[in-house]
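Engineer: This is the content of structure_4.txt (compact mmCIF, N, CA and C atoms):
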```txt
# COMPACT_ATOMS: atom_id res chain seq x y z
N MET S 1 0.85 -1.18 0.00
CA MET S 1 0.00 0.00 0.00
C MET S 1 0.89 1.24 0.00
N SER S 2 0.91 1.92 -1.10
CA SER S 2 1.78 3.09 -1.16
C SER S 2 1.05 4.36 -1.54
N LYS S 3 -0.16 4.24 -1.99
CA LYS S 3 -0.88 5.43 -2.41
C LYS S 3 -1.71 5.99 -1.26
N VAL S 4 -1.70 7.29 -1.15
CA VAL S 4 -2.48 7.95 -0.11
C VAL S 4 -3.96 7.60 -0.26
N GLU S 5 -4.44 7.54 -1.50
CA GLU S 5 -5.85 7.26 -1.75
C GLU S 5 -6.25 5.86 -1.29
N ASP S 6 -5.29 4.94 -1.25
CA ASP S 6 -5.56 3.56 -0.85
C ASP S 6 -5.33 3.31 0.63
N PHE S 7 -4.82 4.28 1.34
CA PHE S 7 -4.47 4.09 2.75
C PHE S 7 -5.71 3.85 3.60
N LEU S 8 -6.76 4.60 3.34
CA LEU S 8 -8.02 4.47 4.08
C LEU S 8 -9.17 4.44 3.08
N THR S 9 -10.19 3.65 3.40
CA THR S 9 -11.40 3.67 2.59
C THR S 9 -12.21 4.92 2.97
N ALA S 10 -13.20 5.24 2.17
CA ALA S 10 -14.07 6.38 2.47
C ALA S 10 -14.75 6.18 3.83
N ASP S 11 -15.17 4.96 4.12
CA ASP S 11 -15.80 4.66 5.40
C ASP S 11 -14.81 4.85 6.56
N GLN S 12 -13.59 4.40 6.38
CA GLN S 12 -12.58 4.57 7.42
C GLN S 12 -12.28 6.05 7.65
N GLU S 13 -12.23 6.82 6.57
CA GLU S 13 -12.01 8.26 6.72
C GLU S 13 -13.13 8.88 7.54
N GLN S 14 -14.37 8.46 7.28
CA GLN S 14 -15.50 9.01 8.03
C GLN S 14 -15.46 8.59 9.50
N GLN S 15 -14.94 7.41 9.79
CA GLN S 15 -14.77 6.98 11.19
C GLN S 15 -13.76 7.89 11.90
N ILE S 16 -12.72 8.26 11.19
CA ILE S 16 -11.69 9.13 11.77
C ILE S 16 -12.24 10.54 11.98
N VAL S 17 -12.97 11.04 11.00
CA VAL S 17 -13.59 12.37 11.14
C VAL S 17 -14.57 12.35 12.32
N ALA S 18 -15.33 11.26 12.46
CA ALA S 18 -16.26 11.14 13.60
C ALA S 18 -15.50 11.16 14.92
N ALA S 19 -14.34 10.51 14.97
CA ALA S 19 -13.51 10.52 16.18
C ALA S 19 -13.02 11.93 16.49
N ILE S 20 -12.64 12.67 15.46
CA ILE S 20 -12.20 14.05 15.67
C ILE S 20 -13.35 14.87 16.24
N ARG S 21 -14.52 14.73 15.65
CA ARG S 21 -15.68 15.49 16.13
C ARG S 21 -16.03 15.11 17.56
N HIS S 22 -15.95 13.83 17.87
CA HIS S 22 -16.22 13.35 19.23
C HIS S 22 -15.20 13.94 20.21
N ALA S 23 -13.93 13.88 19.85
CA ALA S 23 -12.87 14.38 20.72
C ALA S 23 -13.00 15.88 20.94
N GLU S 24 -13.44 16.61 19.93
CA GLU S 24 -13.52 18.06 20.03
C GLU S 24 -14.81 18.55 20.71
N LYS S 25 -15.76 17.65 21.00
CA LYS S 25 -17.00 18.07 21.65
C LYS S 25 -16.78 18.63 23.05
N THR S 26 -15.74 18.19 23.71
CA THR S 26 -15.53 18.59 25.10
C THR S 26 -14.31 19.49 25.29
N THR S 27 -13.77 19.98 24.18
CA THR S 27 -12.57 20.81 24.27
C THR S 27 -12.60 21.91 23.22
N SER S 28 -11.90 22.98 23.52
CA SER S 28 -11.73 24.04 22.51
C SER S 28 -10.55 23.70 21.60
N GLY S 29 -9.82 22.63 21.92
CA GLY S 29 -8.68 22.20 21.11
C GLY S 29 -9.12 21.75 19.73
N GLU S 30 -8.17 21.77 18.80
CA GLU S 30 -8.41 21.40 17.41
C GLU S 30 -7.48 20.26 17.01
N ILE S 31 -8.03 19.23 16.40
CA ILE S 31 -7.25 18.06 15.99
C ILE S 31 -7.44 17.86 14.49
N ARG S 32 -6.33 17.63 13.80
CA ARG S 32 -6.38 17.34 12.37
C ARG S 32 -5.50 16.14 12.05
N VAL S 33 -5.83 15.47 10.95
CA VAL S 33 -5.02 14.38 10.42
C VAL S 33 -4.64 14.76 9.00
N HIS S 34 -3.36 14.58 8.67
CA HIS S 34 -2.89 14.85 7.31
C HIS S 34 -2.15 13.61 6.79
N LEU S 35 -2.51 13.18 5.58
CA LEU S 35 -1.87 12.03 4.94
C LEU S 35 -1.10 12.51 3.72
N GLU S 36 0.06 11.90 3.53
CA GLU S 36 0.92 12.26 2.40
C GLU S 36 1.66 11.01 1.98
N LYS S 37 2.00 10.93 0.71
CA LYS S 37 2.69 9.74 0.19
C LYS S 37 4.08 9.59 0.78
N HIS S 38 4.87 10.67 0.76
CA HIS S 38 6.28 10.57 1.11
C HIS S 38 6.80 11.94 1.52
N THR S 39 7.82 11.93 2.35
CA THR S 39 8.52 13.18 2.66
C THR S 39 10.02 12.94 2.62
N ASP S 40 10.73 13.91 2.10
CA ASP S 40 12.19 13.87 2.11
C ASP S 40 12.75 14.44 3.41
N LEU S 41 11.90 15.10 4.17
CA LEU S 41 12.32 15.73 5.42
C LEU S 41 12.22 14.75 6.58
N ASP S 42 12.84 15.10 7.68
CA ASP S 42 12.58 14.40 8.93
C ASP S 42 11.08 14.48 9.18
N VAL S 43 10.47 13.40 9.63
CA VAL S 43 9.01 13.34 9.74
C VAL S 43 8.46 14.42 10.69
N LEU S 44 9.15 14.71 11.77
CA LEU S 44 8.68 15.76 12.67
C LEU S 44 8.84 17.14 12.05
N ASP S 45 9.92 17.35 11.32
CA ASP S 45 10.11 18.62 10.62
C ASP S 45 9.00 18.83 9.59
N ARG S 46 8.64 17.78 8.87
CA ARG S 46 7.56 17.89 7.88
C ARG S 46 6.22 18.16 8.57
N THR S 47 6.00 17.52 9.70
CA THR S 47 4.76 17.73 10.44
C THR S 47 4.66 19.18 10.90
N ARG S 48 5.75 19.70 11.41
CA ARG S 48 5.80 21.10 11.85
C ARG S 48 5.54 22.05 10.68
N GLU S 49 6.14 21.75 9.54
CA GLU S 49 5.96 22.57 8.34
C GLU S 49 4.48 22.57 7.90
N LEU S 50 3.87 21.39 7.88
CA LEU S 50 2.46 21.29 7.49
C LEU S 50 1.56 21.98 8.51
N PHE S 51 1.90 21.86 9.77
CA PHE S 51 1.13 22.51 10.83
C PHE S 51 0.98 24.00 10.52
N HIS S 52 2.09 24.61 10.13
CA HIS S 52 2.06 26.04 9.82
C HIS S 52 1.36 26.32 8.49
N SER S 53 1.61 25.47 7.48
CA SER S 53 0.98 25.72 6.18
C SER S 53 -0.54 25.49 6.22
N LEU S 54 -1.01 24.63 7.12
CA LEU S 54 -2.44 24.41 7.30
C LEU S 54 -3.05 25.46 8.23
N LYS S 55 -2.22 26.40 8.65
CA LYS S 55 -2.64 27.51 9.52
C LYS S 55 -3.19 27.03 10.86
N MET S 56 -2.65 25.92 11.34
CA MET S 56 -3.09 25.40 12.62
C MET S 56 -2.55 26.20 13.79
N ASP S 57 -1.58 27.06 13.51
CA ASP S 57 -1.02 27.90 14.58
C ASP S 57 -1.81 29.20 14.73
N ASN S 58 -2.97 29.28 14.08
CA ASN S 58 -3.80 30.49 14.16
C ASN S 58 -4.99 30.32 15.10
N THR S 59 -5.03 29.24 15.88
CA THR S 59 -6.15 29.08 16.81
C THR S 59 -5.98 30.06 17.97
N ILE S 60 -7.08 30.48 18.53
CA ILE S 60 -7.07 31.50 19.57
C ILE S 60 -6.21 31.10 20.76
N GLN S 61 -6.36 29.84 21.21
CA GLN S 61 -5.62 29.39 22.39
C GLN S 61 -4.34 28.63 22.05
N ARG S 62 -3.98 28.62 20.78
CA ARG S 62 -2.77 27.90 20.34
C ARG S 62 -2.82 26.44 20.80
N ASN S 63 -3.97 25.80 20.51
CA ASN S 63 -4.20 24.44 21.01
C ASN S 63 -4.57 23.46 19.90
N GLY S 64 -3.88 23.55 18.79
CA GLY S 64 -4.08 22.62 17.69
C GLY S 64 -3.12 21.45 17.77
N VAL S 65 -3.58 20.28 17.30
CA VAL S 65 -2.77 19.06 17.25
C VAL S 65 -2.86 18.50 15.83
N LEU S 66 -1.72 18.21 15.24
CA LEU S 66 -1.68 17.59 13.92
C LEU S 66 -1.07 16.20 14.02
N ILE S 67 -1.79 15.21 13.49
CA ILE S 67 -1.25 13.86 13.35
C ILE S 67 -0.95 13.69 11.86
N TYR S 68 0.32 13.47 11.56
CA TYR S 68 0.80 13.38 10.18
C TYR S 68 1.26 11.96 9.88
N VAL S 69 0.87 11.46 8.71
CA VAL S 69 1.30 10.13 8.28
C VAL S 69 1.90 10.23 6.88
N ALA S 70 3.16 9.77 6.74
CA ALA S 70 3.79 9.60 5.43
C ALA S 70 3.58 8.13 5.06
N VAL S 71 2.58 7.87 4.25
CA VAL S 71 2.10 6.52 3.98
C VAL S 71 3.18 5.60 3.42
N GLU S 72 3.84 6.02 2.36
CA GLU S 72 4.85 5.18 1.71
C GLU S 72 6.07 4.95 2.60
N ASP S 73 6.36 5.94 3.45
CA ASP S 73 7.53 5.85 4.33
C ASP S 73 7.26 5.05 5.60
N HIS S 74 5.99 4.75 5.86
CA HIS S 74 5.60 4.08 7.11
C HIS S 74 6.08 4.85 8.33
N ARG S 75 5.88 6.18 8.28
CA ARG S 75 6.30 7.06 9.37
C ARG S 75 5.15 7.98 9.73
N PHE S 76 5.12 8.38 10.99
CA PHE S 76 4.12 9.35 11.41
C PHE S 76 4.69 10.18 12.56
N ALA S 77 4.05 11.31 12.80
CA ALA S 77 4.45 12.18 13.90
C ALA S 77 3.24 12.95 14.38
N ILE S 78 3.36 13.46 15.59
CA ILE S 78 2.31 14.29 16.19
C ILE S 78 2.96 15.60 16.58
N TYR S 79 2.26 16.69 16.28
CA TYR S 79 2.78 18.01 16.63
C TYR S 79 1.66 18.83 17.24
N GLY S 80 1.96 19.44 18.37
CA GLY S 80 1.00 20.29 19.05
C GLY S 80 1.52 21.70 19.18
N ASP S 81 0.60 22.64 19.19
CA ASP S 81 0.95 24.05 19.27
C ASP S 81 1.47 24.41 20.66
N GLN S 82 2.01 25.59 20.78
CA GLN S 82 2.66 26.07 22.00
C GLN S 82 1.74 26.03 23.21
N GLY S 83 0.49 26.40 23.03
CA GLY S 83 -0.44 26.40 24.15
C GLY S 83 -0.58 25.04 24.81
N ILE S 84 -0.53 23.99 24.01
CA ILE S 84 -0.62 22.63 24.52
C ILE S 84 0.69 22.23 25.19
N ASN S 85 1.78 22.45 24.50
CA ASN S 85 3.08 22.04 25.03
C ASN S 85 3.40 22.72 26.35
N ASP S 86 2.84 23.90 26.58
CA ASP S 86 3.09 24.60 27.83
C ASP S 86 2.41 23.94 29.03
N VAL S 87 1.39 23.11 28.81
CA VAL S 87 0.62 22.58 29.94
C VAL S 87 0.59 21.05 30.07
N VAL S 88 0.79 20.30 29.00
CA VAL S 88 0.67 18.84 29.11
C VAL S 88 1.92 18.23 29.73
N ALA S 89 1.75 17.03 30.27
CA ALA S 89 2.87 16.30 30.88
C ALA S 89 3.94 16.02 29.83
N ASN S 90 5.16 15.87 30.30
CA ASN S 90 6.30 15.67 29.40
C ASN S 90 6.16 14.44 28.52
N ASP S 91 5.47 13.40 29.01
CA ASP S 91 5.35 12.17 28.24
C ASP S 91 4.08 12.12 27.39
N PHE S 92 3.34 13.23 27.33
CA PHE S 92 2.06 13.23 26.61
C PHE S 92 2.20 12.76 25.17
N TRP S 93 3.13 13.36 24.44
CA TRP S 93 3.23 13.02 23.02
C TRP S 93 3.71 11.59 22.82
N GLU S 94 4.60 11.11 23.70
CA GLU S 94 5.06 9.72 23.58
C GLU S 94 3.93 8.74 23.84
N CYS S 95 3.11 9.01 24.86
CA CYS S 95 1.97 8.14 25.16
C CYS S 95 0.97 8.12 24.01
N THR S 96 0.73 9.27 23.42
CA THR S 96 -0.19 9.36 22.29
C THR S 96 0.39 8.62 21.09
N LYS S 97 1.67 8.81 20.87
CA LYS S 97 2.35 8.14 19.76
C LYS S 97 2.32 6.62 19.96
N ASP S 98 2.53 6.17 21.19
CA ASP S 98 2.50 4.73 21.49
C ASP S 98 1.11 4.14 21.22
N ALA S 99 0.06 4.90 21.55
CA ALA S 99 -1.31 4.42 21.31
C ALA S 99 -1.54 4.20 19.81
N ILE S 100 -1.03 5.09 19.01
CA ILE S 100 -1.17 4.97 17.55
C ILE S 100 -0.31 3.81 17.05
N LEU S 101 0.93 3.78 17.48
CA LEU S 101 1.89 2.79 17.00
C LEU S 101 1.46 1.35 17.28
N SER S 102 0.86 1.12 18.44
CA SER S 102 0.47 -0.26 18.77
C SER S 102 -0.56 -0.78 17.77
N GLN S 103 -1.45 0.06 17.31
CA GLN S 103 -2.43 -0.36 16.30
C GLN S 103 -1.82 -0.41 14.91
N PHE S 104 -0.94 0.54 14.60
CA PHE S 104 -0.27 0.53 13.30
C PHE S 104 0.53 -0.76 13.11
N LYS S 105 1.19 -1.23 14.16
CA LYS S 105 1.97 -2.46 14.07
C LYS S 105 1.10 -3.66 13.72
N GLU S 106 -0.17 -3.59 14.11
CA GLU S 106 -1.12 -4.66 13.80
C GLU S 106 -1.76 -4.47 12.43
N GLY S 107 -1.41 -3.37 11.76
CA GLY S 107 -1.98 -3.09 10.44
C GLY S 107 -3.32 -2.38 10.50
N ASP S 108 -3.75 -1.98 11.70
CA ASP S 108 -5.04 -1.30 11.85
C ASP S 108 -4.80 0.20 11.93
N PHE S 109 -4.64 0.81 10.76
CA PHE S 109 -4.32 2.23 10.69
C PHE S 109 -5.49 3.10 11.14
N THR S 110 -6.69 2.66 10.83
CA THR S 110 -7.87 3.42 11.24
C THR S 110 -7.96 3.49 12.76
N GLN S 111 -7.87 2.34 13.41
CA GLN S 111 -7.97 2.33 14.88
C GLN S 111 -6.80 3.05 15.51
N GLY S 112 -5.63 2.96 14.90
CA GLY S 112 -4.47 3.69 15.43
C GLY S 112 -4.72 5.19 15.44
N LEU S 113 -5.23 5.70 14.33
CA LEU S 113 -5.53 7.14 14.26
C LEU S 113 -6.64 7.51 15.23
N ILE S 114 -7.68 6.68 15.31
CA ILE S 114 -8.77 6.95 16.25
C ILE S 114 -8.26 6.97 17.68
N ASP S 115 -7.43 5.99 18.05
CA ASP S 115 -6.89 5.95 19.41
C ASP S 115 -6.07 7.20 19.72
N GLY S 116 -5.25 7.62 18.76
CA GLY S 116 -4.44 8.83 18.96
C GLY S 116 -5.30 10.07 19.08
N ILE S 117 -6.32 10.16 18.27
CA ILE S 117 -7.23 11.31 18.30
C ILE S 117 -7.95 11.38 19.64
N LEU S 118 -8.48 10.24 20.09
CA LEU S 118 -9.21 10.23 21.36
C LEU S 118 -8.30 10.52 22.54
N ARG S 119 -7.09 10.00 22.50
CA ARG S 119 -6.12 10.28 23.58
C ARG S 119 -5.79 11.77 23.60
N ALA S 120 -5.55 12.35 22.45
CA ALA S 120 -5.27 13.78 22.39
C ALA S 120 -6.47 14.58 22.89
N GLY S 121 -7.67 14.16 22.51
CA GLY S 121 -8.88 14.84 22.95
C GLY S 121 -9.06 14.82 24.46
N GLU S 122 -8.74 13.69 25.08
CA GLU S 122 -8.83 13.59 26.54
C GLU S 122 -7.90 14.60 27.22
N GLN S 123 -6.70 14.69 26.72
CA GLN S 123 -5.74 15.62 27.30
C GLN S 123 -6.15 17.07 27.05
N LEU S 124 -6.62 17.34 25.85
CA LEU S 124 -7.05 18.69 25.53
C LEU S 124 -8.22 19.11 26.42
N GLN S 125 -9.12 18.17 26.71
CA GLN S 125 -10.27 18.47 27.56
C GLN S 125 -9.82 18.93 28.95
N LYS S 126 -8.78 18.31 29.48
CA LYS S 126 -8.28 18.68 30.81
C LYS S 126 -7.80 20.13 30.86
N TYR S 127 -7.10 20.53 29.82
CA TYR S 127 -6.44 21.83 29.84
C TYR S 127 -7.19 22.90 29.05
N PHE S 128 -8.01 22.47 28.10
CA PHE S 128 -8.76 23.40 27.25
C PHE S 128 -10.21 22.94 27.15
N PRO S 129 -10.95 22.99 28.27
CA PRO S 129 -12.34 22.53 28.22
C PRO S 129 -13.19 23.38 27.29
N TRP S 130 -14.22 22.73 26.72
CA TRP S 130 -15.13 23.42 25.82
C TRP S 130 -15.90 24.49 26.59
N ASP S 131 -16.13 25.61 25.95
CA ASP S 131 -16.89 26.71 26.53
C ASP S 131 -17.97 27.10 25.52
N HIS S 132 -19.06 27.68 25.99
CA HIS S 132 -20.18 28.03 25.11
C HIS S 132 -19.77 28.94 23.95
N GLY S 133 -18.74 29.74 24.11
CA GLY S 133 -18.31 30.63 23.05
C GLY S 133 -17.38 30.00 22.03
N ASP S 134 -17.00 28.73 22.25
CA ASP S 134 -16.05 28.07 21.36
C ASP S 134 -16.66 27.75 20.00
N THR S 135 -15.86 27.92 18.98
CA THR S 135 -16.26 27.52 17.64
C THR S 135 -15.21 26.56 17.08
N ASN S 136 -15.61 25.77 16.11
CA ASN S 136 -14.68 24.87 15.46
C ASN S 136 -13.82 25.70 14.51
N GLU S 137 -12.59 25.94 14.89
CA GLU S 137 -11.73 26.86 14.15
C GLU S 137 -11.08 26.23 12.92
N LEU S 138 -10.97 24.89 12.89
CA LEU S 138 -10.31 24.21 11.79
C LEU S 138 -11.17 23.06 11.27
N SER S 139 -10.99 22.72 10.03
CA SER S 139 -11.73 21.62 9.42
C SER S 139 -11.43 20.31 10.14
N ASP S 140 -12.45 19.46 10.24
CA ASP S 140 -12.27 18.13 10.82
C ASP S 140 -11.90 17.10 9.75
N GLU S 141 -12.02 17.48 8.50
CA GLU S 141 -11.75 16.55 7.40
C GLU S 141 -10.26 16.22 7.33
N ILE S 142 -9.95 15.04 6.85
CA ILE S 142 -8.56 14.61 6.65
C ILE S 142 -8.00 15.38 5.46
N SER S 143 -6.85 15.99 5.66
CA SER S 143 -6.20 16.68 4.53
C SER S 143 -5.17 15.73 3.92
N LYS S 144 -4.90 15.94 2.65
CA LYS S 144 -3.99 15.05 1.93
C LYS S 144 -3.06 15.88 1.06
N GLY S 145 -1.84 15.39 0.93
CA GLY S 145 -0.88 16.10 0.11
C GLY S 145 -0.15 15.20 -0.83
```
Now, as a test, write the supplied structure out as structure tokens.
Structural biologist:
Amino acid sequence: MSKVEDFLTADQEQQIVAAIRHAEKTTSGEIRVHLEKHTDLDVLDRTRELFHSLKMDNTIQRNGVLIYVAVEDHRFAIYGDQGINDVVANDFWECTKDAILSQFKEGDFTQGLIDGILRAGEQLQKYFPWDHGDTNELSDEISKG
């Protein structure tokens, strides 16, 4: 499986979008997933670059999270904005990454992404609880490059 289009079925994509919407119901935080065929950059550097190009650093509370997957490279990374990094535990990103990786190793990419999204949502809820004035600042749809 090397094509981004073949990585997830339309139904699997909708399951992931539903997980994002579920995770964001209780937090002002924003979660996105981006899929790409390949990167020549270090995977975290590419994730950081995409985070900025997707304008995820423009949220009011600086609380966006991007889960990036380079499909052909079998690599992924998670990147969170400054507002999140200032408050979450030091092992937060490793625990979230481990939740994704355990499912990826089994070949269940959909569940891996869902687990990572829900874990990120739980943490975001603790530090950035949803408030009546909150709006969905970023698209919940999976972006592709």
Engineer: Please identify which residues in chain S DSSP calls helix (DSSP H, G or I) from the backbone, and express them as a VMD selection string.
Structural biologist: chain S and resid 4 to 7 10 to 24 43 to 53 56 to 58 82 to 85 92 to 105 109 to 127
Engineer: Using only the atoms of stretch 64-82 of chain S listed in the file, plus 3 Å on each side, state the axis-aligned box centre and edge lengths in Å rounded to one decimal, as AutoDock Vina command-line options.
Structural biologist:
```
--center_x 1.7 --center_y 15.1 --center_z 12.5 --size_x 17.6 --size_y 28.0 --size_z 27.5
```
Engineer: Write out as a tab-separated table the residues of stretch 96-141 of chain S that have any atom within 8 Å of an atom of stretch 42-64 of chain S, one row each with the nearest atom pair and its distance in Å to one decimal, counting all atoms listed in the file, sorted by chain and then rising number.
Structural biologist:
```
residue	atom	partner	partner_atom	distance
S:Leu124	CA	S:Asn63	C	7.8
S:Phe128	CA	S:Asn63	CA	7.8
S:Glu137	CA	S:Thr59	CA	6.6
S:Leu138	CA	S:Met56	CA	7.4
```
Engineer: Can you list, as JSON, numbers by chain, every protein, DNA or RNA residue that comes within 12 Å of S:Gly107 when you count only C-alpha atoms, leaving out same-chain residues fewer than 4 positions away?
Structural biologist: {"S": [1, 7, 8, 74, 100, 101, 102, 103, 111, 112, 113]}
Engineer: Among stretch 36-122 of chain S, which residues carry a DSSP assignment of strand (DSSP E), reported as a list in words?
Structural biologist: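 Listing strand (DSSP E) positions across stretch 36-122 of chain S yields Glu36, Gly64, Val65, Leu66, Ile67, Tyr68, Val69, Ala70, Arg75, Phe76, Ala77, Ile78, Tyr79 and Gly80 of chain S.
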Engineer: Can you work out the spacing between atom CA of S:Ser28 and atom CA of S:Gly121 in Å, to one decimal?
Structural biologist: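 Computing the Euclidean distance for atom CA of S:Ser28 and atom CA of S:Gly121 yields 9.6 Å.
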Engineer: Using Å and a single decimal, report how far atom CA of S:Val87 sits from atom CA of S:Gly133.
Structural biologist: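 Computing it gives 21.7 Å between the two atoms.
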Engineer: So, with all atoms listed in the file as the atoms that count, which of S:Asp98, S:Asp73, S:Glu5, S:Glu36 lies closest to S:Gly116?
Structural biologist: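 The answer is S:Asp98, which sits nearest to S:Gly116.
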Engineer: Nearest to S:Phe92 among S:Arg119, S:His132, S:Lys105, S:Arg75, with distances taken over only C-alpha atoms: which residue is it?
Structural biologist: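 The closest residue to S:Phe92 is S:Arg119.
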Engineer: At what distance in Å, to one decimal, does atom CA of S:Val65 lie from atom CA of S:Ile31?
Structural biologist: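 Distance reported for this atom pair: 4.8 Å.
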Engineer: Take stretch 89-97 of chain S from the preceding structure and save all heavy atoms as a PDB file, in the first residue's frame.
Structural biologist:
```
ATOM      1  N   ALA S  89       1.753  17.029  30.273  1.00  0.00           N
ATOM      2  CA  ALA S  89       2.867  16.298  30.878  1.00  0.00           C
ATOM      3  C   ALA S  89       3.944  16.024  29.833  1.00  0.00           C
ATOM      4  O   ALA S  89       3.661  15.920  28.631  1.00  0.00           O
ATOM      5  CB  ALA S  89       2.360  14.983  31.468  1.00  0.00           C
ATOM      6  N   ASN S  90       5.162  15.873  30.302  1.00  0.00           N
ATOM      7  CA  ASN S  90       6.299  15.666  29.401  1.00  0.00           C
ATOM      8  C   ASN S  90       6.156  14.438  28.519  1.00  0.00           C
ATOM      9  O   ASN S  90       6.667  14.404  27.405  1.00  0.00           O
ATOM     10  CB  ASN S  90       7.600  15.570  30.202  1.00  0.00           C
ATOM     11  CG  ASN S  90       7.977  16.888  30.830  1.00  0.00           C
ATOM     12  OD1 ASN S  90       7.580  17.954  30.372  1.00  0.00           O
ATOM     13  ND2 ASN S  90       8.743  16.820  31.913  1.00  0.00           N
ATOM     14  N   ASP S  91       5.470  13.402  29.011  1.00  0.00           N
ATOM     15  CA  ASP S  91       5.347  12.167  28.242  1.00  0.00           C
ATOM     16  C   ASP S  91       4.082  12.121  27.387  1.00  0.00           C
ATOM     17  O   ASP S  91       3.777  11.106  26.784  1.00  0.00           O
ATOM     18  CB  ASP S  91       5.386  10.962  29.176  1.00  0.00           C
ATOM     19  CG  ASP S  91       4.167  10.878  30.083  1.00  0.00           C
ATOM     20  OD1 ASP S  91       3.442  11.894  30.242  1.00  0.00           O
ATOM     21  OD2 ASP S  91       3.933   9.789  30.641  1.00  0.00           O
ATOM     22  N   PHE S  92       3.341  13.229  27.328  1.00  0.00           N
ATOM     23  CA  PHE S  92       2.062  13.233  26.612  1.00  0.00           C
ATOM     24  C   PHE S  92       2.196  12.765  25.173  1.00  0.00           C
ATOM     25  O   PHE S  92       1.466  11.899  24.717  1.00  0.00           O
ATOM     26  CB  PHE S  92       1.419  14.625  26.646  1.00  0.00           C
ATOM     27  CG  PHE S  92       0.244  14.744  25.715  1.00  0.00           C
ATOM     28  CD1 PHE S  92      -0.921  14.053  25.965  1.00  0.00           C
ATOM     29  CD2 PHE S  92       0.321  15.523  24.566  1.00  0.00           C
ATOM     30  CE1 PHE S  92      -2.011  14.140  25.108  1.00  0.00           C
ATOM     31  CE2 PHE S  92      -0.762  15.623  23.706  1.00  0.00           C
ATOM     32  CZ  PHE S  92      -1.918  14.929  23.978  1.00  0.00           C
ATOM     33  N   TRP S  93       3.127  13.357  24.443  1.00  0.00           N
ATOM     34  CA  TRP S  93       3.232  13.021  23.018  1.00  0.00           C
ATOM     35  C   TRP S  93       3.710  11.594  22.819  1.00  0.00           C
ATOM     36  O   TRP S  93       3.260  10.911  21.902  1.00  0.00           O
ATOM     37  CB  TRP S  93       4.135  14.017  22.289  1.00  0.00           C
ATOM     38  CG  TRP S  93       3.578  15.404  22.356  1.00  0.00           C
ATOM     39  CD1 TRP S  93       4.150  16.505  22.933  1.00  0.00           C
ATOM     40  CD2 TRP S  93       2.299  15.852  21.875  1.00  0.00           C
ATOM     41  NE1 TRP S  93       3.316  17.593  22.829  1.00  0.00           N
ATOM     42  CE2 TRP S  93       2.177  17.221  22.187  1.00  0.00           C
ATOM     43  CE3 TRP S  93       1.270  15.226  21.210  1.00  0.00           C
ATOM     44  CZ2 TRP S  93       1.051  17.968  21.852  1.00  0.00           C
ATOM     45  CZ3 TRP S  93       0.141  15.973  20.873  1.00  0.00           C
ATOM     46  CH2 TRP S  93       0.053  17.329  21.193  1.00  0.00           C
ATOM     47  N   GLU S  94       4.599  11.110  23.695  1.00  0.00           N
ATOM     48  CA  GLU S  94       5.063   9.723  23.575  1.00  0.00           C
ATOM     49  C   GLU S  94       3.929   8.742  23.838  1.00  0.00           C
ATOM     50  O   GLU S  94       3.794   7.751  23.130  1.00  0.00           O
ATOM     51  CB  GLU S  94       6.236   9.449  24.526  1.00  0.00           C
ATOM     52  CG  GLU S  94       7.570   9.909  24.003  1.00  0.00           C
ATOM     53  CD  GLU S  94       7.914   9.365  22.618  1.00  0.00           C
ATOM     54  OE1 GLU S  94       7.842   8.139  22.379  1.00  0.00           O
ATOM     55  OE2 GLU S  94       8.272  10.180  21.745  1.00  0.00           O
ATOM     56  N   CYS S  95       3.107   9.011  24.859  1.00  0.00           N
ATOM     57  CA  CYS S  95       1.973   8.135  25.157  1.00  0.00           C
ATOM     58  C   CYS S  95       0.972   8.116  24.007  1.00  0.00           C
ATOM     59  O   CYS S  95       0.428   7.069  23.657  1.00  0.00           O
ATOM     60  CB  CYS S  95       1.276   8.579  26.438  1.00  0.00           C
ATOM     61  SG  CYS S  95       2.262   8.349  27.916  1.00  0.00           S
ATOM     62  N   THR S  96       0.728   9.274  23.420  1.00  0.00           N
ATOM     63  CA  THR S  96      -0.193   9.359  22.290  1.00  0.00           C
ATOM     64  C   THR S  96       0.389   8.623  21.086  1.00  0.00           C
ATOM     65  O   THR S  96      -0.306   7.874  20.397  1.00  0.00           O
ATOM     66  CB  THR S  96      -0.484  10.835  21.953  1.00  0.00           C
ATOM     67  OG1 THR S  96      -0.960  11.489  23.127  1.00  0.00           O
ATOM     68  CG2 THR S  96      -1.516  10.955  20.846  1.00  0.00           C
ATOM     69  N   LYS S  97       1.673   8.813  20.865  1.00  0.00           N
ATOM     70  CA  LYS S  97       2.350   8.138  19.759  1.00  0.00           C
ATOM     71  C   LYS S  97       2.317   6.618  19.955  1.00  0.00           C
ATOM     72  O   LYS S  97       2.064   5.867  19.015  1.00  0.00           O
ATOM     73  CB  LYS S  97       3.800   8.634  19.670  1.00  0.00           C
ATOM     74  CG  LYS S  97       4.546   8.137  18.480  1.00  0.00           C
ATOM     75  CD  LYS S  97       5.927   8.764  18.415  1.00  0.00           C
ATOM     76  CE  LYS S  97       6.721   8.223  17.255  1.00  0.00           C
ATOM     77  NZ  LYS S  97       8.065   8.795  17.169  1.00  0.00           N
TER      78      LYS S  97
END
```
